[in-house]
Each structure stands twice: as C-alpha cells, then as structure tokens.
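Asks: Contents of my_file04.cif (mmCIF, C-alpha atoms and all ligand atoms) are below:
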data_my_file
#
loop_
_atom_site.label_atom_id
_atom_site.label_comp_id
_atom_site.auth_asym_id
_atom_site.auth_seq_id
_atom_site.Cartn_x
_atom_site.Cartn_y
_atom_site.Cartn_z
CA MET A 1398 98.10 117.92 86.11
CA ASP A 1399 97.08 121.07 84.28
CA SER A 1400 100.34 121.86 82.62
CA TYR A 1401 103.43 120.34 81.05
CA ASN A 1402 106.66 122.27 81.59
CA LEU A 1403 109.87 121.46 79.81
CA LEU A 1404 113.38 122.62 80.70
CA ALA A 1405 116.07 122.61 78.02
CA PHE A 1406 119.32 120.94 79.09
CA ASN A 1407 122.65 121.90 77.49
CA SER A 1408 124.32 118.55 76.72
CA ALA A 1409 127.76 119.95 75.90
CA LEU A 1410 127.92 121.71 79.29
CA GLY A 1411 126.45 118.62 80.94
CA LYS A 1412 129.31 116.56 79.52
CA ARG A 1413 131.87 119.08 80.80
CA LYS A 1414 130.26 118.98 84.24
CA PHE A 1415 130.32 115.17 84.24
CA GLU A 1416 134.02 115.11 83.31
CA TYR A 1417 134.83 117.81 85.85
CA THR A 1418 133.07 115.89 88.64
CA LYS A 1419 134.65 112.60 87.57
CA ASN A 1420 138.15 114.08 87.61
CA LEU A 1421 137.79 115.66 91.05
CA GLU A 1422 138.81 112.43 92.80
CA ASP A 1423 139.35 113.48 96.41
CA ILE A 1424 139.31 117.22 95.86
CA CYS A 1425 136.05 118.82 96.94
CA PRO A 1426 135.33 122.01 94.95
CA PHE A 1427 133.20 123.40 97.79
CA CYS A 1428 136.09 123.05 100.26
CA ASN A 1429 138.42 124.72 97.79
CA ARG A 1430 136.88 128.16 98.36
CA ASP A 1431 139.49 130.20 96.49
CA ASN A 1432 138.43 128.44 93.34
CA LEU A 1433 134.70 129.15 93.58
CA GLU A 1434 132.77 130.79 90.79
CA GLU A 1435 131.43 134.31 91.43
CA ILE A 1436 130.30 134.77 95.05
CA LEU A 1437 126.82 136.35 95.16
CA ALA A 1438 126.24 136.59 98.91
CA GLU A 1439 127.69 135.22 102.14
CA ASP A 1440 126.97 135.00 105.84
CA GLY A 1441 129.87 133.57 107.83
CA SER A 1442 130.67 130.17 106.34
CA ILE A 1443 127.42 130.06 104.34
CA ILE A 1444 128.01 131.13 100.73
CA LEU A 1445 125.82 131.62 97.67
CA VAL A 1446 127.74 131.24 94.41
CA LYS A 1447 126.93 131.14 90.75
CA ASN A 1448 126.88 127.53 89.55
CA LYS A 1449 129.98 126.77 87.49
CA PHE A 1450 127.90 124.81 85.00
CA GLN A 1451 124.78 126.61 83.79
CA VAL A 1452 123.38 123.47 82.18
CA LEU A 1453 119.77 124.69 82.07
CA GLU A 1454 118.76 127.02 79.24
CA ASP A 1455 116.89 130.24 80.15
CA ALA A 1456 117.80 129.83 83.79
CA PHE A 1457 120.19 131.25 86.38
CA GLN A 1458 121.64 128.48 88.56
CA THR A 1459 123.16 129.16 91.94
CA VAL A 1460 124.57 126.94 94.66
CA LEU A 1461 124.20 127.63 98.37
CA ILE A 1462 127.16 126.05 100.16
CA GLU A 1463 125.84 125.33 103.63
CA THR A 1464 129.06 124.97 105.59
CA ASP A 1465 132.86 125.00 105.29
CA ASN A 1466 133.01 121.53 106.87
CA CYS A 1467 132.86 118.79 104.22
CA THR A 1468 131.28 116.19 106.51
CA ASP A 1469 128.69 118.37 108.26
CA GLU A 1470 125.14 117.38 107.59
CA PHE A 1471 121.76 119.10 107.86
CA SER A 1472 120.34 116.76 110.51
CA THR A 1473 123.11 117.54 112.99
CA TYR A 1474 123.57 121.32 112.65
CA PRO A 1475 123.31 123.12 115.99
CA LYS A 1476 120.01 125.02 116.22
CA GLU A 1477 121.46 128.51 115.88
CA TYR A 1478 123.36 127.47 112.76
CA LEU A 1479 120.30 125.76 111.32
CA TYR A 1480 118.22 128.92 111.78
CA GLN A 1481 120.94 131.13 110.29
CA LEU A 1482 121.20 128.83 107.27
CA LEU A 1483 117.50 128.64 106.56
CA ARG A 1484 116.98 132.37 107.04
CA PHE A 1485 119.82 133.07 104.63
CA GLY A 1486 118.54 130.59 102.04
CA VAL A 1487 114.93 131.74 102.14
CA LYS A 1488 116.01 135.40 102.00
CA GLN A 1489 118.16 134.81 98.91
CA TRP A 1490 115.39 132.77 97.27
CA LEU A 1491 112.69 135.40 97.87
CA GLN A 1492 115.05 138.19 96.78
CA MET A 1493 115.64 136.41 93.50
CA GLU A 1494 111.86 136.15 93.07
CA GLN A 1495 111.49 139.86 93.81
CA THR A 1496 113.88 140.92 91.05
CA GLY A 1497 111.03 140.19 88.63
CA GLU A 1498 113.50 138.65 86.18
CA TYR A 1499 112.11 135.15 86.52
CA SER A 1500 108.76 133.44 86.01
CA SER A 1501 109.59 131.44 89.13
CA VAL A 1502 112.52 130.49 91.33
CA LEU A 1503 113.30 126.97 92.56
CA PHE A 1504 114.87 126.32 95.98
CA PHE A 1505 115.80 122.75 96.87
CA LYS A 1506 118.34 120.37 98.32
CA ASN A 1507 119.57 116.93 97.32
CA HIS A 1508 121.20 114.60 99.81
CA GLY A 1509 122.57 111.12 99.23
CA PRO A 1510 123.31 108.87 96.26
CA LEU A 1511 119.68 108.43 95.17
CA SER A 1512 118.78 112.12 95.42
CA GLY A 1513 120.13 113.27 92.05
CA GLY A 1514 122.93 115.29 93.65
CA SER A 1515 126.47 115.13 92.30
CA LEU A 1516 128.58 116.35 95.26
CA PRO A 1517 128.39 115.16 98.87
CA HIS A 1518 129.44 118.49 100.48
CA ALA A 1519 126.21 119.89 101.98
CA HIS A 1520 124.60 122.39 99.63
CA MET A 1521 121.29 123.59 98.24
CA GLN A 1522 120.36 125.14 94.93
CA ILE A 1523 118.42 128.27 94.01
CA ILE A 1524 117.50 128.42 90.32
CA GLY A 1525 115.69 131.25 88.57
CA LEU A 1526 113.60 130.10 85.59
CA LYS A 1527 113.01 132.78 82.97
CA ASN A 1528 110.00 131.24 81.23
CA ILE A 1529 108.62 128.51 83.45
CA ASP A 1530 106.39 128.81 86.50
CA TYR A 1531 106.84 125.60 88.49
CA ARG A 1532 103.61 126.38 90.39
CA SER A 1533 101.50 125.43 87.39
CA SER A 1534 102.24 121.74 87.95
CA ILE A 1535 101.88 121.73 91.74
CA LEU A 1536 98.48 120.72 93.13
CA PRO A 1537 97.28 121.91 96.58
CA GLU A 1538 96.61 118.25 97.45
CA PHE A 1539 100.36 117.53 97.43
CA PHE A 1540 100.60 119.37 100.78
CA GLU A 1541 97.55 117.85 102.46
CA GLY A 1542 98.16 115.16 105.01
CA LEU A 1543 97.81 113.44 108.30
CA LEU A 1544 98.69 115.92 111.02
CA ILE A 1545 101.86 115.36 113.05
CA SER A 1546 101.79 118.76 114.74
CA ARG A 1547 100.29 122.21 114.33
CA THR A 1548 101.00 125.59 115.89
CA ASP A 1549 99.45 128.95 114.97
CA ASN A 1550 101.79 129.39 112.04
CA VAL A 1551 103.28 126.02 111.14
CA GLU A 1552 101.61 122.78 110.09
CA PHE A 1553 103.62 119.56 109.91
CA ASN A 1554 102.02 116.56 108.20
CA ILE A 1555 102.65 113.38 106.25
CA SER A 1556 101.10 113.40 102.78
CA THR A 1557 97.82 111.66 102.10
CA SER A 1558 98.19 112.67 98.42
CA PRO A 1559 101.93 112.51 97.80
CA LYS A 1560 103.41 113.94 94.64
CA ILE A 1561 105.35 110.75 93.85
CA GLY A 1562 105.03 108.48 96.91
CA PHE A 1563 105.17 106.70 99.22
CA SER A 1564 105.83 108.82 102.29
CA GLU A 1565 106.27 112.58 101.89
CA PHE A 1566 106.52 115.11 104.69
CA ASN A 1567 105.11 118.64 104.44
CA ILE A 1568 105.75 121.72 106.51
CA ILE A 1569 103.53 124.70 105.82
CA LEU A 1570 104.53 128.15 107.05
CA ASN A 1571 102.04 131.03 107.21
CA ASP A 1572 104.23 133.67 108.81
CA LEU A 1573 107.80 134.19 107.66
CA ASP A 1574 108.76 135.43 111.14
CA GLN A 1575 108.19 131.90 112.43
CA ILE A 1576 110.67 130.33 110.02
CA ASN A 1577 112.69 128.81 112.89
CA GLN A 1578 109.73 126.55 113.62
CA MET A 1579 109.85 125.36 110.03
CA ALA A 1580 113.61 124.79 110.30
CA ASP A 1581 113.10 122.62 113.42
CA LYS A 1582 110.59 120.40 111.62
CA ILE A 1583 112.72 120.04 108.51
CA GLN A 1584 115.70 119.02 110.62
CA LEU A 1585 113.61 116.58 112.66
CA THR A 1586 112.25 114.95 109.48
CA VAL A 1587 115.68 114.63 107.91
CA HIS A 1588 117.05 113.16 111.15
CA TYR A 1589 114.17 110.69 111.27
CA LEU A 1590 114.71 109.60 107.68
CA LEU A 1591 118.45 109.07 108.01
CA ASN A 1592 118.26 107.32 111.38
CA HIS A 1593 114.91 105.56 111.74
CA PHE A 1594 113.48 105.04 108.26
CA ARG A 1595 114.15 101.67 106.61
CA ASN A 1596 117.40 101.83 104.59
CA CYS A 1597 117.04 105.50 103.74
CA ASN A 1598 120.26 107.35 102.84
CA SER A 1599 118.86 109.87 100.38
CA TYR A 1600 116.25 112.60 100.39
CA ASN A 1601 115.18 115.76 98.63
CA LEU A 1602 113.97 118.91 100.29
CA PHE A 1603 111.88 121.22 98.10
CA PHE A 1604 110.54 124.68 98.88
CA TYR A 1605 107.50 126.25 97.22
CA HIS A 1606 106.19 129.81 97.47
CA ILE A 1607 102.50 129.76 96.63
CA ASP A 1608 99.77 132.24 97.63
CA GLN A 1609 101.69 133.88 100.51
CA HIS A 1610 102.57 130.50 102.03
CA ILE A 1611 105.91 128.78 102.13
CA TYR A 1612 105.78 125.03 101.80
CA ALA A 1613 108.61 122.60 102.41
CA LYS A 1614 108.32 119.02 101.18
CA ILE A 1615 110.77 116.31 102.16
CA ILE A 1616 110.80 113.19 100.04
CA PRO A 1617 112.89 110.15 101.04
CA ARG A 1618 114.41 108.77 97.84
CA PHE A 1619 114.62 105.20 96.68
CA ILE A 1620 114.50 103.78 93.16
CA THR A 1621 111.56 105.62 91.55
CA SER A 1622 108.47 103.48 91.03
CA PRO A 1623 107.86 102.52 87.38
CA LEU A 1624 104.16 103.30 87.88
CA PHE A 1625 105.17 106.89 88.47
CA VAL A 1626 107.79 106.96 85.71
CA GLY A 1627 105.52 105.45 83.09
CA TYR A 1628 102.04 106.52 84.09
CA SER A 1629 102.47 109.45 86.56
CA LEU A 1630 100.65 107.29 89.13
CA ALA A 1631 101.66 108.31 92.65
CA GLN A 1632 101.27 105.84 95.49
CA VAL A 1633 100.58 106.40 99.15
CA SER A 1634 101.98 104.13 101.86
CA ASP A 1635 99.50 102.31 104.12
CA ARG A 1636 101.97 102.97 106.96
CA ILE A 1637 101.60 106.76 107.18
CA LYS A 1638 99.60 106.55 110.44
CA ASP A 1639 102.32 104.38 111.99
CA ILE A 1640 105.05 106.73 110.75
CA ALA A 1641 103.29 109.79 112.20
CA HIS A 1642 102.88 107.93 115.48
CA GLU A 1643 106.52 106.86 115.53
CA ILE A 1644 107.74 110.44 114.93
CA LYS A 1645 105.59 111.72 117.81
CA LYS A 1646 107.03 109.00 120.03
CA LEU A 1647 110.66 109.65 119.08
CA TYR A 1648 110.78 113.44 119.09
CA ILE A 1649 109.57 116.30 121.22
CA ILE A 1650 107.78 118.49 118.70
CA ARG A 1651 107.32 122.12 119.65
ZN ZN A 1701 133.88 119.68 100.74
#
Written as structure tokens, how would this file's structure read?
Ligand SMILES: [Zn+2]
Replies:
Amino acid sequence: MDSYNLLAFNSALGKRKFEYTKNLEDICPFCNRDNLEEILAEDGSIILVKNKFQVLEDAFQTVLIETDNCTDEFSTYPKEYLYQLLRFGVKQWLQMEQTGEYSSVLFFKNHGPLSGGSLPHAHMQIIGLKNIDYRSSILPEFFEGLLISRTDNVEFNISTSPKIGFSEFNIILNDLDQINQMADKIQLTVHYLLNHFRNCNSYNLFFYHIDQHIYAKIIPRFITSPLFVGYSLAQVSDRIKDIAHEIKKLYIIR
C-alpha cells in the first residue's frame, strides 16, 4: 500500500443520524419521498438526493435511491430497469468527477446487515471527496483474477489477489457504451451471492474510475477476518476455481 488516507467523521452528526435511524421504526425515509432532502437529479423513480447527514468532513455525500418499491432488490430488477439505473448512476458519478471540485468521487452500494448499510431500501451512494484520492490506495492487482468470461469490452473475473478476501468478483469495462454488459454481470454476481453462496446475505458493490477504465468489484460480506483488521493481510479462497466453474454452470453469460 503506497498511501494512507484518512477521512474525518463528524461524531455529533453521526449521533444524530444514529438516533434518527433508531427512531424510524417502521417508517422508511426513502419511501416517504415528500420528506427527502434536496433532490439533485431524477429519472422516473430513480432519484439522487443530498444525504441528510453529511457525517464526513470535506466531502459531499449523496444517496441514489434505486426504486420507489421498498422491497425491490438489485438481483431481481428487470433488465431495462437495471440498465436505466446503472446508466443514471454512472452518469451522475462521472459528472460529479467532471466538476473538478473533488480529488475523487466514490460510488458504491451496501446491501444486507453485514454490509455497513443502515437502511434496507435499495440505494447507492456517490460521495465527492475534496482532499482524498481513493485511487492512491488501490492496487491494479485487486482487479486481476481467474477469468469467468470476456468480451471485447468487458472482463468478468474472480480475484486472485483480493483486496480483503476471500472471494471477490471484478468486472472491468473498457468502453462506456457497453455499460449494459457490465450491468448484466453485476446483477448475475449479486444473484449468485444471495442465492447460491453459503449463507451470504450481505455484499458491497464498489466502482472505481482509473486510467479510462471503469471497474466494479463485488465483495460478499461476512465478519471481517482479524488478519485483515490487524495486519492488512488479505486472504484468497482455495475454492475460486470451483466458484468460477459453478457460475458458468448456473448462468448463461453473454
Ligand atoms: Zn422504503
């Protein structure tokens, strides 16, 4: 790792967010659309809003609400909706980069109780960081892997050098026009994790924009290994060949 980046967290706002979330009970703030913070962009039922709680210092936090249906989930979106959603998200993300106001812009999704997310209603986050470039702590090796499929513009693999471990899935896009192919592979991976991967109910999806490429990494989440927490030692599963084989058996990959 060639760099150590530190984000400052506002504890007072964090406490307010915790209390707000705790007191919601059965009321979902993303269903209650009249009560949303400033709307930044929308496309049908997909909405980008300013995050109510800007808990990160020197950052601009936004939330992309994926759907107006509280129980919809990424792995089951109809294809046309999936493509619309990903095109919208990537467009907003790259536009925020292009403003030049940020050192870098994060684009990611949390799903499930072990993912670090606080609300179940399907959403993603786009966060502009004024002073931090996330790319300085991302190694090219994190996206190398055992090939599951490859077309002219999209590579789909399972990591041989995961960032944390044990099984991480990478989709590498060389041509933005082919983003639907990337969307298909993300959806397939998420579907695989939630339906065929031992006891998995949580995952993160991260996007990276590095050297003209767009990378997506999907990490199934379990309790984080202490070897990673304490020593930054990532681990790779000895089952990745079997997993790649199983995916090719279960799904038709175009
Ligand atoms: Zn909801």
Asks: A:Leu1445: which residues within 6 Å, counting all atoms listed in the file, same-chain residues fewer than 6 positions away excluded, as a PyMOL selection string?
Replies: chain A and resi 1437-1438+1460-1461
Asks: Considering all atoms listed in the file, can you say which of A:Leu1591, A:Cys1467, A:Val1633, A:Ile1545 comes closest to ligand ZN 1701 (chain A)?
Replies: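 Comparing A:Leu1591, A:Cys1467, A:Val1633, A:Ile1545 against ligand ZN 1701 (chain A), the winner is A:Cys1467.
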Asks: Taking only C-alpha atoms and all ligand atoms into account, name the residue in A:Val1502, A:Ile1462, A:Cys1597, A:Leu1453 that is nearest to ligand ZN 1701 (chain A).
Replies: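 Of the candidates, the smallest distance to ligand ZN 1701 (chain A) is held by A:Ile1462.
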Asks: Find the residues near stretch 1510-1518 of chain A: any atom within 10 Å, counting all atoms listed in the file, skip ones fewer than 3 places away on the same chain, and give them as a ChimeraX atom specification.
Replies: /A:1414-1415,1418-1419,1425-1428,1462-1470,1506-1507,1521,1597-1602,1616-1621
Asks: Taking all atoms listed in the file into account, which of A:Gln1492, A:Asn1420, A:Gln1451, A:Asn1429 comes nearest ligand ZN 1701 (chain A)?
Replies: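 For ligand ZN 1701 (chain A), the nearest of the candidates is A:Asn1429.
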Asks: Near stretch 1561-1574 of chain A, within 9 Å and counting all atoms listed in the file, which residues show up once chain neighbours fewer than 5 positions away are dropped, as number ranges by chain?
Replies: A: 1539-1542, 1549-1556, 1579, 1582-1583, 1586, 1609-1617, 1621-1622, 1625, 1629-1637, 1640
Asks: Using C-alpha atoms, can you write the selected residues to a file as a PDB file, keeping the file's coordinate frame?
Replies:
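What follows is the written file selection-v7.pdb:
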ATOM      1  CA  PHE A1539     100.360 117.530  97.430  1.00  0.00           C
ATOM      2  CA  PHE A1540     100.600 119.370 100.780  1.00  0.00           C
ATOM      3  CA  GLU A1541      97.550 117.850 102.460  1.00  0.00           C
ATOM      4  CA  GLY A1542      98.160 115.160 105.010  1.00  0.00           C
ATOM      5  CA  ASP A1549      99.450 128.950 114.970  1.00  0.00           C
ATOM      6  CA  ASN A1550     101.790 129.390 112.040  1.00  0.00           C
ATOM      7  CA  VAL A1551     103.280 126.020 111.140  1.00  0.00           C
ATOM      8  CA  GLU A1552     101.610 122.780 110.090  1.00  0.00           C
ATOM      9  CA  PHE A1553     103.620 119.560 109.910  1.00  0.00           C
ATOM     10  CA  ASN A1554     102.020 116.560 108.200  1.00  0.00           C
ATOM     11  CA  ILE A1555     102.650 113.380 106.250  1.00  0.00           C
ATOM     12  CA  SER A1556     101.100 113.400 102.780  1.00  0.00           C
ATOM     13  CA  MET A1579     109.850 125.360 110.030  1.00  0.00           C
ATOM     14  CA  LYS A1582     110.590 120.400 111.620  1.00  0.00           C
ATOM     15  CA  ILE A1583     112.720 120.040 108.510  1.00  0.00           C
ATOM     16  CA  THR A1586     112.250 114.950 109.480  1.00  0.00           C
ATOM     17  CA  GLN A1609     101.690 133.880 100.510  1.00  0.00           C
ATOM     18  CA  HIS A1610     102.570 130.500 102.030  1.00  0.00           C
ATOM     19  CA  ILE A1611     105.910 128.780 102.130  1.00  0.00           C
ATOM     20  CA  TYR A1612     105.780 125.030 101.800  1.00  0.00           C
ATOM     21  CA  ALA A1613     108.610 122.600 102.410  1.00  0.00           C
ATOM     22  CA  LYS A1614     108.320 119.020 101.180  1.00  0.00           C
ATOM     23  CA  ILE A1615     110.770 116.310 102.160  1.00  0.00           C
ATOM     24  CA  ILE A1616     110.800 113.190 100.040  1.00  0.00           C
ATOM     25  CA  PRO A1617     112.890 110.150 101.040  1.00  0.00           C
ATOM     26  CA  THR A1621     111.560 105.620  91.550  1.00  0.00           C
ATOM     27  CA  SER A1622     108.470 103.480  91.030  1.00  0.00           C
ATOM     28  CA  PHE A1625     105.170 106.890  88.470  1.00  0.00           C
ATOM     29  CA  SER A1629     102.470 109.450  86.560  1.00  0.00           C
ATOM     30  CA  LEU A1630     100.650 107.290  89.130  1.00  0.00           C
ATOM     31  CA  ALA A1631     101.660 108.310  92.650  1.00  0.00           C
ATOM     32  CA  GLN A1632     101.270 105.840  95.490  1.00  0.00           C
ATOM     33  CA  VAL A1633     100.580 106.400  99.150  1.00  0.00           C
ATOM     34  CA  SER A1634     101.980 104.130 101.860  1.00  0.00           C
ATOM     35  CA  ASP A1635      99.500 102.310 104.120  1.00  0.00           C
ATOM     36  CA  ARG A1636     101.970 102.970 106.960  1.00  0.00           C
ATOM     37  CA  ILE A1637     101.600 106.760 107.180  1.00  0.00           C
ATOM     38  CA  ILE A1640     105.050 106.730 110.750  1.00  0.00           C
TER      39      ILE A1640
END
Asks: From the set A:Asp1423, A:Glu1439, A:Asp1581, A:Asp1639, which residue has the shortest atom-to-atom contact distance to ligand ZN 1701 (chain A), counting only C-alpha atoms and all ligand atoms?
Replies: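 Among the listed residues, the smallest separation from ligand ZN 1701 (chain A) belongs to A:Asp1423.
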Asks: Pick the closest to ligand ZN 1701 (chain A) from A:Leu1421, A:Lys1645, A:Asp1530, A:Phe1450: which is it, counting all atoms listed in the file?
Replies: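 Closest residue, counting all atoms listed in the file: A:Leu1421.
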Asks: Got a sec: who's within 9 Å of A:Lys1638, counting only C-alpha atoms, leaving out chain neighbours fewer than 4 positions off, as an MDAnalysis selection string?
Replies: chainID A and resid 1543 1555 1642:1643
Asks: Which one is closest to ligand ZN 1701 (chain A): A:Lys1476, A:Lys1412, A:His1520, A:Arg1484? Count all atoms listed in the file.
Replies: A:His1520
Asks: Neighbourhood query: residues within 7 Å of (123.4, 129.7, 105.7), file coordinates, counting all atoms listed in the file; return as an MDAnalysis selection string.
Replies: chainID A and resid 1440 1443:1444 1463 1481:1483 1485:1486
Asks: May I have the centre and edge lengths, in Å to one decimal, of an axis-aligned box around the listed atoms of stretch 1522-1534 of chain A with 8 Å added to every side, as AutoDock Vina command-line options?
Replies:
--center_x 110.9 --center_y 127.3 --center_z 88.1 --size_x 34.9 --size_y 27.0 --size_z 29.7
Asks: Hey, what's within 12 Å of A:Thr1496 if we count all atoms listed in the file and toss same-chain stuff fewer than 6 positions away? As a PDB file with C-alpha atoms, keeping the file's coordinate frame, please?
Replies:
ATOM      1  CA  GLN A1489     118.160 134.810  98.910  1.00  0.00           C
ATOM      2  CA  TRP A1490     115.390 132.770  97.270  1.00  0.00           C
ATOM      3  CA  VAL A1502     112.520 130.490  91.330  1.00  0.00           C
ATOM      4  CA  GLY A1525     115.690 131.250  88.570  1.00  0.00           C
ATOM      5  CA  LYS A1527     113.010 132.780  82.970  1.00  0.00           C
TER       6      LYS A1527
END
Asks: Which polymer residues, whether protein, DNA or RNA, lie within 9 Å of the coordinate (120.8, 130.8, 87.2) when you count only C-alpha atoms? List them as a VMD selection string, using the chain letters and numbers from the file.
Replies: chain A and resid 1447 to 1448 1451 1453 1455 to 1459 1523 to 1526
Asks: For stretch 1586-1597 of chain A of the block above, can you save N, CA and C atoms as a compact mmCIF listing (two decimals), in the first residue's frame?
Replies:
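Result file is selection31.txt:
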# COMPACT_ATOMS: atom_id res chain seq x y z
N THR A 1586 -23.77 -11.63 -10.55
CA THR A 1586 -22.94 -11.90 -9.37
C THR A 1586 -23.75 -11.74 -8.09
N VAL A 1587 -24.51 -10.66 -8.03
CA VAL A 1587 -25.31 -10.40 -6.83
C VAL A 1587 -26.35 -11.52 -6.66
N HIS A 1588 -26.95 -11.94 -7.76
CA HIS A 1588 -27.92 -13.03 -7.70
C HIS A 1588 -27.26 -14.32 -7.21
N TYR A 1589 -26.08 -14.59 -7.73
CA TYR A 1589 -25.33 -15.78 -7.31
C TYR A 1589 -25.04 -15.72 -5.81
N LEU A 1590 -24.56 -14.60 -5.34
CA LEU A 1590 -24.19 -14.48 -3.93
C LEU A 1590 -25.40 -14.69 -3.01
N LEU A 1591 -26.51 -14.07 -3.37
CA LEU A 1591 -27.68 -14.13 -2.48
C LEU A 1591 -28.44 -15.46 -2.57
N ASN A 1592 -28.19 -16.22 -3.64
CA ASN A 1592 -28.95 -17.46 -3.83
C ASN A 1592 -28.13 -18.75 -3.79
N HIS A 1593 -26.84 -18.66 -4.08
CA HIS A 1593 -26.06 -19.89 -4.20
C HIS A 1593 -24.78 -19.90 -3.38
N PHE A 1594 -24.50 -18.81 -2.68
CA PHE A 1594 -23.23 -18.70 -1.97
C PHE A 1594 -23.50 -18.94 -0.49
N ARG A 1595 -22.73 -19.84 0.12
CA ARG A 1595 -23.00 -20.26 1.50
C ARG A 1595 -23.33 -19.09 2.44
N ASN A 1596 -24.58 -19.11 2.95
CA ASN A 1596 -25.03 -18.18 3.99
C ASN A 1596 -24.75 -16.71 3.74
N CYS A 1597 -24.75 -16.31 2.48
CA CYS A 1597 -24.43 -14.90 2.20
C CYS A 1597 -25.72 -14.08 2.11
